[in-house]
Each structure stands twice: as structure tokens, then as C-alpha cells.
Amino acid sequence: MNVPAPGLPARVRIHEVGARDGLQNEKTAVPTEVKAEFVRRLAAAGLTTIEATSFVHPKWVPQLADAEQLFPLLADVDAALPVLVPNERGLDRALALGATRIAVFGSATETFASRNLNRTVAESLAMFEPVVARARQGGAHVRGYLSMCFGDPWEGAVPVHQVVSVAKALLDLGCDELSLGDTIGVATPGHVQALLSALNEAGVPTDRIGVHFHDTYGQALSNTLAALQHGVTTVDASAGGLGGCPYAKSATGNLATEDLVWMLDGLGIETGVDLAALTATSVWMAERLGRPSPSRTVRALSHKE
């Protein structure tokens, strides 16, 4: 039954990250054609933004070493296909294949910046500056990911003002939108709303913010609802609940797209996503990965007596 609640947006754009953030955390590489078929099925299910791959050095993320082979196979996919780039070399590779949506990946904490990017926060922002500038000059849309926005496994709780400072710096570089990452899944709804309010007070409009929650403590949906109540309309999710973070061992899976769509459908919020088709896609991928999907909704809808 669809029962709308007051104060929520009429429509939410789901930024699907399963094909990149999800598969990069797999222990073994998924064949390129399987990845391509995964993206095609996600698009057919109604997802309009599907993060396709990452143009990083294969040494760091070997599961996505086939970016050059994969991206051309997606030329006929009717969806926006953002790609992650870590530096100018990655940008060159992406632009050479016609990518029009670029993402950079920063950190709100020094320890994670060092472990993930081998740089300080300031040095990473300096590295992103020419990437963002060149991408925008080429007409590309640029998303800035900001990880460890709520807690860090090495530094503990992350002060809100620290997150706001780095977030503003990313936007000042020219990023079109910002994705706030709860990389290890420790956020709670009050913390989410406090950070969003602090960003607004610092001049960051809500319509440039997306949220990216992990479900380590089972809080991803409640945190998403808190963000929606604040006016956020872009939510990252991963089909079947795939993924985590290879550089933060306490990071478990992302918010499952099916769980998100079930909640949004119940609230009468439009997504354009066919839940049955999406569930079938996640079951199909789970079969190829050799294990069941962790998504509760996938399990419930695909259960057979």
C-alpha cells in the first residue's frame, strides 16, 4: 500500500553504484560481458544513472581493470553512465572513450586520504583541481564523492565542521554535485540532519547534495529517510546490496537499491524503477557471483516455497 508522508519529495533520483562500487569489492574479477549485461539490465529496470566503472590503475582496483573494454560495450545503454577517475591520467582515459559524467573521490579525514589516495586532504584536492577543471571545460558533469563523512575507523567520529570544510572545497573546485559518504555505516538520523543543516548554513544548497549510506549497523534506510525529510532528492544505492570499500575493512555493503525502492514506493515517491525487474537483475547477478543477495527485499520477493 502506498501511503505518502508529509514533507517528502515527490521524486527521487537513484544513483546506482552496483556496477562500480559493488563489483570493485568482489574477491574475483567479474567477466567484462557480465558487467555490461548487468548495466543493461539495470537500465532496462528503469535506473537512469548507473555508475559504470572506474579508470583507476589496475594495481589498486584489479576488479575494474577492464574499464577500456567495458565502456564501449555500453554505448547503446539509455542511461547516464558516470565513471570514477582518480587523477588526470584517469580522466584522459575516460574522455578518450567519450565519457560525459565524471566523478572524483575525496576524503573528509586525513587517515583515509592517506590510505586511499596516498595524499593529505589538501594534496588530494590539489590533484582534483585540474581534473575537475578539464572535465568541465570538456562539457562533462562532475560529481564529488566525499567519504568518511560521519565516522572513520582510524580517527573515530568526524566533526561536522571538518566535513563541511572539505565539502565546500570540493564544490569550490567546480563539482556539480556532492555525494556524502557514510563509508563505514556509523551515521544515525540526527547526525545526518545535523550535517545537512550545517552544509546549508555554509552556503551549500540541498539540491547539490546526494547521500551514500552503508548498512553496517542497519541504519541506511533510516538515514536515507532523514535526508529525504531534509529535502535531498539524490540517493546512492547498489543493486542487491553489493559492495563495501576495499580500503576500509569495516565497511560492509551499500544500501540495497531494492530496499530503497520498496520504501520509496510505499511512500508514493516516484523513482521510475520497476522493482520486479530490478529484483530479477540482482538475482541474476547473485547467481553469477555464487552467493545470495544480502538485500532483504530481494530475498523476500524472490523467495520460493
# chains A, B, ... in the order shown; residues from 1 in each chain; ligands from 1
$ residues_around --residues "Val142 of chain A" --least-positions-apart "3" --cutoff "6 Å" --atoms "only C-alpha atoms" --output "PDB file with N, CA, C and O atoms, in the first residue's frame"
ATOM      1  N   ARG A 101      30.195  12.033 -17.915  1.00  0.00           N
ATOM      2  CA  ARG A 101      29.932  12.227 -16.482  1.00  0.00           C
ATOM      3  C   ARG A 101      31.098  11.631 -15.710  1.00  0.00           C
ATOM      4  O   ARG A 101      31.390  10.440 -15.828  1.00  0.00           O
ATOM      5  N   ILE A 102      31.752  12.491 -14.936  1.00  0.00           N
ATOM      6  CA  ILE A 102      32.979  12.143 -14.235  1.00  0.00           C
ATOM      7  C   ILE A 102      32.754  12.258 -12.731  1.00  0.00           C
ATOM      8  O   ILE A 102      32.007  13.123 -12.270  1.00  0.00           O
ATOM      9  N   ALA A 103      33.419  11.411 -11.966  1.00  0.00           N
ATOM     10  CA  ALA A 103      33.370  11.532 -10.504  1.00  0.00           C
ATOM     11  C   ALA A 103      34.777  11.465  -9.934  1.00  0.00           C
ATOM     12  O   ALA A 103      35.611  10.680 -10.411  1.00  0.00           O
ATOM     13  N   CYS A 175      32.792  21.085  -8.764  1.00  0.00           N
ATOM     14  CA  CYS A 175      31.928  19.910  -8.823  1.00  0.00           C
ATOM     15  C   CYS A 175      30.465  20.335  -8.922  1.00  0.00           C
ATOM     16  O   CYS A 175      30.034  21.267  -8.242  1.00  0.00           O
ATOM     17  N   ASP A 176      29.716  19.659  -9.764  1.00  0.00           N
ATOM     18  CA  ASP A 176      28.302  19.981  -9.944  1.00  0.00           C
ATOM     19  C   ASP A 176      27.454  19.461  -8.783  1.00  0.00           C
ATOM     20  O   ASP A 176      26.448  20.063  -8.429  1.00  0.00           O
TER      21      ASP A 176
END
$ select_by_dssp --residues "segment 97-304 of chain A" --states "alpha helix (DSSP H)" --output "PyMOL selection string"
chain A and resi 110-117+121-137+160-173+189-201+220-230+257-266+275-289+296-302
$ residues_around --residues "Val273 of chain A" --least-positions-apart "4" --cutoff "12 Å" --atoms "only C-alpha atoms" --output "ChimeraX atom specification"
/A:11-16,41-49,239,257-258,260-262,264-265,269,277-279
$ closest_residue --among "A:Pro130, A:Gly106, A:Gln137, A:Leu199" --to "His161 of chain A" --atoms "only C-alpha atoms"
A:Leu199
$ residues_around --residues "segment 37-39 of chain A" --least-positions-apart "6" --cutoff "8 Å" --atoms "only C-alpha atoms" --output "compact mmCIF listing (two decimals) with N, CA, C and O atoms, in the first residue's frame"
# COMPACT_ATOMS: atom_id res chain seq x y z
N ALA A 19 27.43 -1.49 -10.23
CA ALA A 19 28.38 -1.95 -11.25
C ALA A 19 29.80 -1.45 -11.01
O ALA A 19 30.76 -2.04 -11.52
N ILE A 50 23.65 5.19 -13.80
CA ILE A 50 24.30 3.93 -13.44
C ILE A 50 25.80 4.13 -13.53
O ILE A 50 26.35 4.30 -14.63
N ALA A 52 29.29 3.26 -14.11
CA ALA A 52 29.68 2.12 -14.93
C ALA A 52 30.98 1.46 -14.50
O ALA A 52 31.08 0.23 -14.48
N LEU A 74 28.87 -0.27 -23.69
CA LEU A 74 27.68 0.36 -23.11
C LEU A 74 27.15 1.52 -23.94
O LEU A 74 26.29 2.26 -23.49
N VAL A 77 23.39 1.92 -24.17
CA VAL A 77 22.60 1.93 -22.93
C VAL A 77 21.94 3.30 -22.75
O VAL A 77 22.60 4.33 -22.81
N THR A 281 17.16 -8.76 -11.77
CA THR A 281 18.54 -8.44 -12.16
C THR A 281 19.51 -8.79 -11.04
O THR A 281 20.58 -9.36 -11.28
N MET A 285 22.55 -11.51 -11.03
CA MET A 285 23.95 -11.23 -10.69
C MET A 285 24.41 -12.09 -9.52
O MET A 285 25.55 -12.56 -9.50
$ closest_atom_pairs --of "segment 95-164 of chain A" --to "segment 54-70 of chain A" --cutoff "12 Å" --atoms "only C-alpha atoms" --output "JSON lines"
{"residue": "A:Leu95", "atom": "CA", "partner": "A:Phe55", "partner_atom": "CA", "distance": 10.3}
{"residue": "A:Ala96", "atom": "CA", "partner": "A:Glu68", "partner_atom": "CA", "distance": 9.5}
{"residue": "A:Leu97", "atom": "CA", "partner": "A:Glu68", "partner_atom": "CA", "distance": 7.6}
{"residue": "A:Gly98", "atom": "CA", "partner": "A:Glu68", "partner_atom": "CA", "distance": 10.9}
{"residue": "A:Ala99", "atom": "CA", "partner": "A:Phe55", "partner_atom": "CA", "distance": 10.8}
{"residue": "A:Arg101", "atom": "CA", "partner": "A:Ser54", "partner_atom": "CA", "distance": 11.6}
{"residue": "A:Ile102", "atom": "CA", "partner": "A:Ser54", "partner_atom": "CA", "distance": 9.6}
{"residue": "A:Ala103", "atom": "CA", "partner": "A:Ser54", "partner_atom": "CA", "distance": 9.0}
{"residue": "A:Val104", "atom": "CA", "partner": "A:Ser54", "partner_atom": "CA", "distance": 9.9}
{"residue": "A:Phe105", "atom": "CA", "partner": "A:Ser54", "partner_atom": "CA", "distance": 10.6}
{"residue": "A:Arg115", "atom": "CA", "partner": "A:Trp60", "partner_atom": "CA", "distance": 11.3}
{"residue": "A:Asn116", "atom": "CA", "partner": "A:Trp60", "partner_atom": "CA", "distance": 9.2}
{"residue": "A:Leu117", "atom": "CA", "partner": "A:Trp60", "partner_atom": "CA", "distance": 10.0}
{"residue": "A:Asn118", "atom": "CA", "partner": "A:Trp60", "partner_atom": "CA", "distance": 11.4}
$ residues_around --residues "Pro292 of chain A" --least-positions-apart "4" --cutoff "9 Å" --atoms "only C-alpha atoms" --output "list in words"
Gly240, Val283, Ala286, Glu287 and Arg299 of chain A
$ residues_around --residues "Arg288 of chain A" --least-positions-apart "4" --cutoff "12 Å" --atoms "only C-alpha atoms" --output "VMD selection string"
chain A and resid 23 26 28 to 31 33 to 35 37 to 38 281 to 284 292 to 293
$ write_last_selection --atoms "C-alpha atoms" --output "mmCIF file, in the first residue's frame"
data_model
loop_
_atom_site.group_PDB
_atom_site.id
_atom_site.type_symbol
_atom_site.label_atom_id
_atom_site.label_comp_id
_atom_site.auth_asym_id
_atom_site.auth_seq_id
_atom_site.Cartn_x
_atom_site.Cartn_y
_atom_site.Cartn_z
ATOM 1 C CA LEU A 23 31.783 -5.065 -8.108
ATOM 2 C CA GLU A 26 34.489 -8.624 -5.199
ATOM 3 C CA THR A 28 37.477 -12.194 -8.057
ATOM 4 C CA ALA A 29 37.020 -10.240 -11.248
ATOM 5 C CA VAL A 30 33.637 -10.437 -12.976
ATOM 6 C CA PRO A 31 33.855 -11.029 -16.757
ATOM 7 C CA GLU A 33 30.455 -9.068 -20.728
ATOM 8 C CA VAL A 34 28.701 -9.947 -17.467
ATOM 9 C CA LYS A 35 29.347 -6.407 -16.213
ATOM 10 C CA GLU A 37 24.857 -7.150 -19.224
ATOM 11 C CA PHE A 38 24.418 -6.092 -15.597
ATOM 12 C CA THR A 281 18.540 -8.440 -12.162
ATOM 13 C CA SER A 282 20.039 -8.769 -8.688
ATOM 14 C CA VAL A 283 19.079 -12.454 -8.522
ATOM 15 C CA TRP A 284 20.755 -12.933 -11.916
ATOM 16 C CA PRO A 292 22.626 -14.903 -2.437
ATOM 17 C CA SER A 293 21.943 -11.187 -2.392
#
$ select_by_dssp --residues "segment 76-289 of chain A" --states "strand (DSSP E or B)" --output "JSON, numbers by chain"
{"A": [80, 83, 84, 101, 102, 103, 104, 105, 106, 107, 141, 142, 143, 144, 145, 146, 147, 151, 152, 156, 157, 177, 178, 179, 180, 181, 182, 209, 210, 211, 212, 213, 214, 234, 235, 236, 237, 238, 254, 256, 270]}
$ residues_around --residues "segment 229-233 of chain A" --least-positions-apart "6" --cutoff "10 Å" --atoms "only C-alpha atoms" --output "list of chain:residue names"
A:Ala5, A:Pro6, A:Gly7, A:Leu8, A:Pro9, A:Ala10, A:Arg11, A:Val12, A:Arg13, A:Ile14, A:Val192, A:Gln193, A:Ala194, A:Leu196, A:Ser197, A:Pro205, A:Thr206, A:Asp207, A:Arg208, A:Ile209, A:Gly210, A:Val211, A:Asn223
$ atom_distance --atom1 "atom CA of Thr53 of chain A" --atom2 "atom CA of Thr32 of chain A"
10.7 Å
$ decode --residues "segment 172-192 of chain A" --atoms "N, CA and C atoms" --output "CSV table (one decimal), in the first residue's frame"
chain,number,residue,atom,x,y,z
A,172,ASP,N,33.9,24.2,-4.5
A,172,ASP,CA,34.6,25.3,-5.0
A,172,ASP,C,35.5,25.0,-6.1
A,173,LEU,N,35.9,23.7,-6.2
A,173,LEU,CA,36.7,23.3,-7.4
A,173,LEU,C,35.9,23.3,-8.7
A,174,GLY,N,34.6,23.2,-8.5
A,174,GLY,CA,33.7,23.2,-9.7
A,174,GLY,C,32.8,21.9,-9.8
A,175,CYS,N,32.8,21.1,-8.8
A,175,CYS,CA,31.9,19.9,-8.8
A,175,CYS,C,30.5,20.3,-8.9
A,176,ASP,N,29.7,19.7,-9.8
A,176,ASP,CA,28.3,20.0,-9.9
A,176,ASP,C,27.5,19.5,-8.8
A,177,GLU,N,27.8,18.3,-8.2
A,177,GLU,CA,27.1,17.8,-7.1
A,177,GLU,C,28.1,17.1,-6.2
A,178,LEU,N,27.6,16.8,-5.0
A,178,LEU,CA,28.4,16.3,-3.9
A,178,LEU,C,27.6,15.1,-3.3
A,179,SER,N,28.4,13.9,-3.2
A,179,SER,CA,27.8,12.8,-2.6
A,179,SER,C,28.4,12.6,-1.2
A,180,LEU,N,27.6,12.6,-0.1
A,180,LEU,CA,28.1,12.5,1.2
A,180,LEU,C,28.2,11.0,1.6
A,181,GLY,N,29.4,10.4,1.8
A,181,GLY,CA,29.5,9.0,2.1
A,181,GLY,C,29.6,8.6,3.6
A,182,ASP,N,28.7,7.7,4.0
A,182,ASP,CA,28.9,7.1,5.3
A,182,ASP,C,29.6,5.8,5.1
A,183,THR,N,30.9,5.9,4.9
A,183,THR,CA,31.7,4.8,4.4
A,183,THR,C,31.7,3.6,5.2
A,184,ILE,N,31.6,3.7,6.6
A,184,ILE,CA,31.6,2.6,7.4
A,184,ILE,C,30.3,2.4,8.1
A,185,GLY,N,29.3,3.1,7.7
A,185,GLY,CA,27.9,2.9,8.1
A,185,GLY,C,27.6,3.2,9.6
A,186,VAL,N,28.2,4.3,10.1
A,186,VAL,CA,28.0,4.6,11.5
A,186,VAL,C,27.0,5.8,11.7
A,187,ALA,N,26.5,6.4,10.7
A,187,ALA,CA,25.6,7.5,10.8
A,187,ALA,C,24.3,7.1,11.4
A,188,THR,N,23.7,8.1,12.1
A,188,THR,CA,22.3,7.9,12.6
A,188,THR,C,21.5,9.2,12.1
A,189,PRO,N,20.2,9.1,12.1
A,189,PRO,CA,19.4,10.2,11.5
A,189,PRO,C,19.7,11.6,12.0
A,190,GLY,N,19.9,11.7,13.3
A,190,GLY,CA,20.1,13.1,13.8
A,190,GLY,C,21.4,13.6,13.3
A,191,HIS,N,22.4,12.8,13.2
A,191,HIS,CA,23.7,13.2,12.7
A,191,HIS,C,23.6,13.6,11.2
A,192,VAL,N,22.8,12.8,10.5
A,192,VAL,CA,22.6,13.2,9.1
A,192,VAL,C,22.0,14.5,8.9
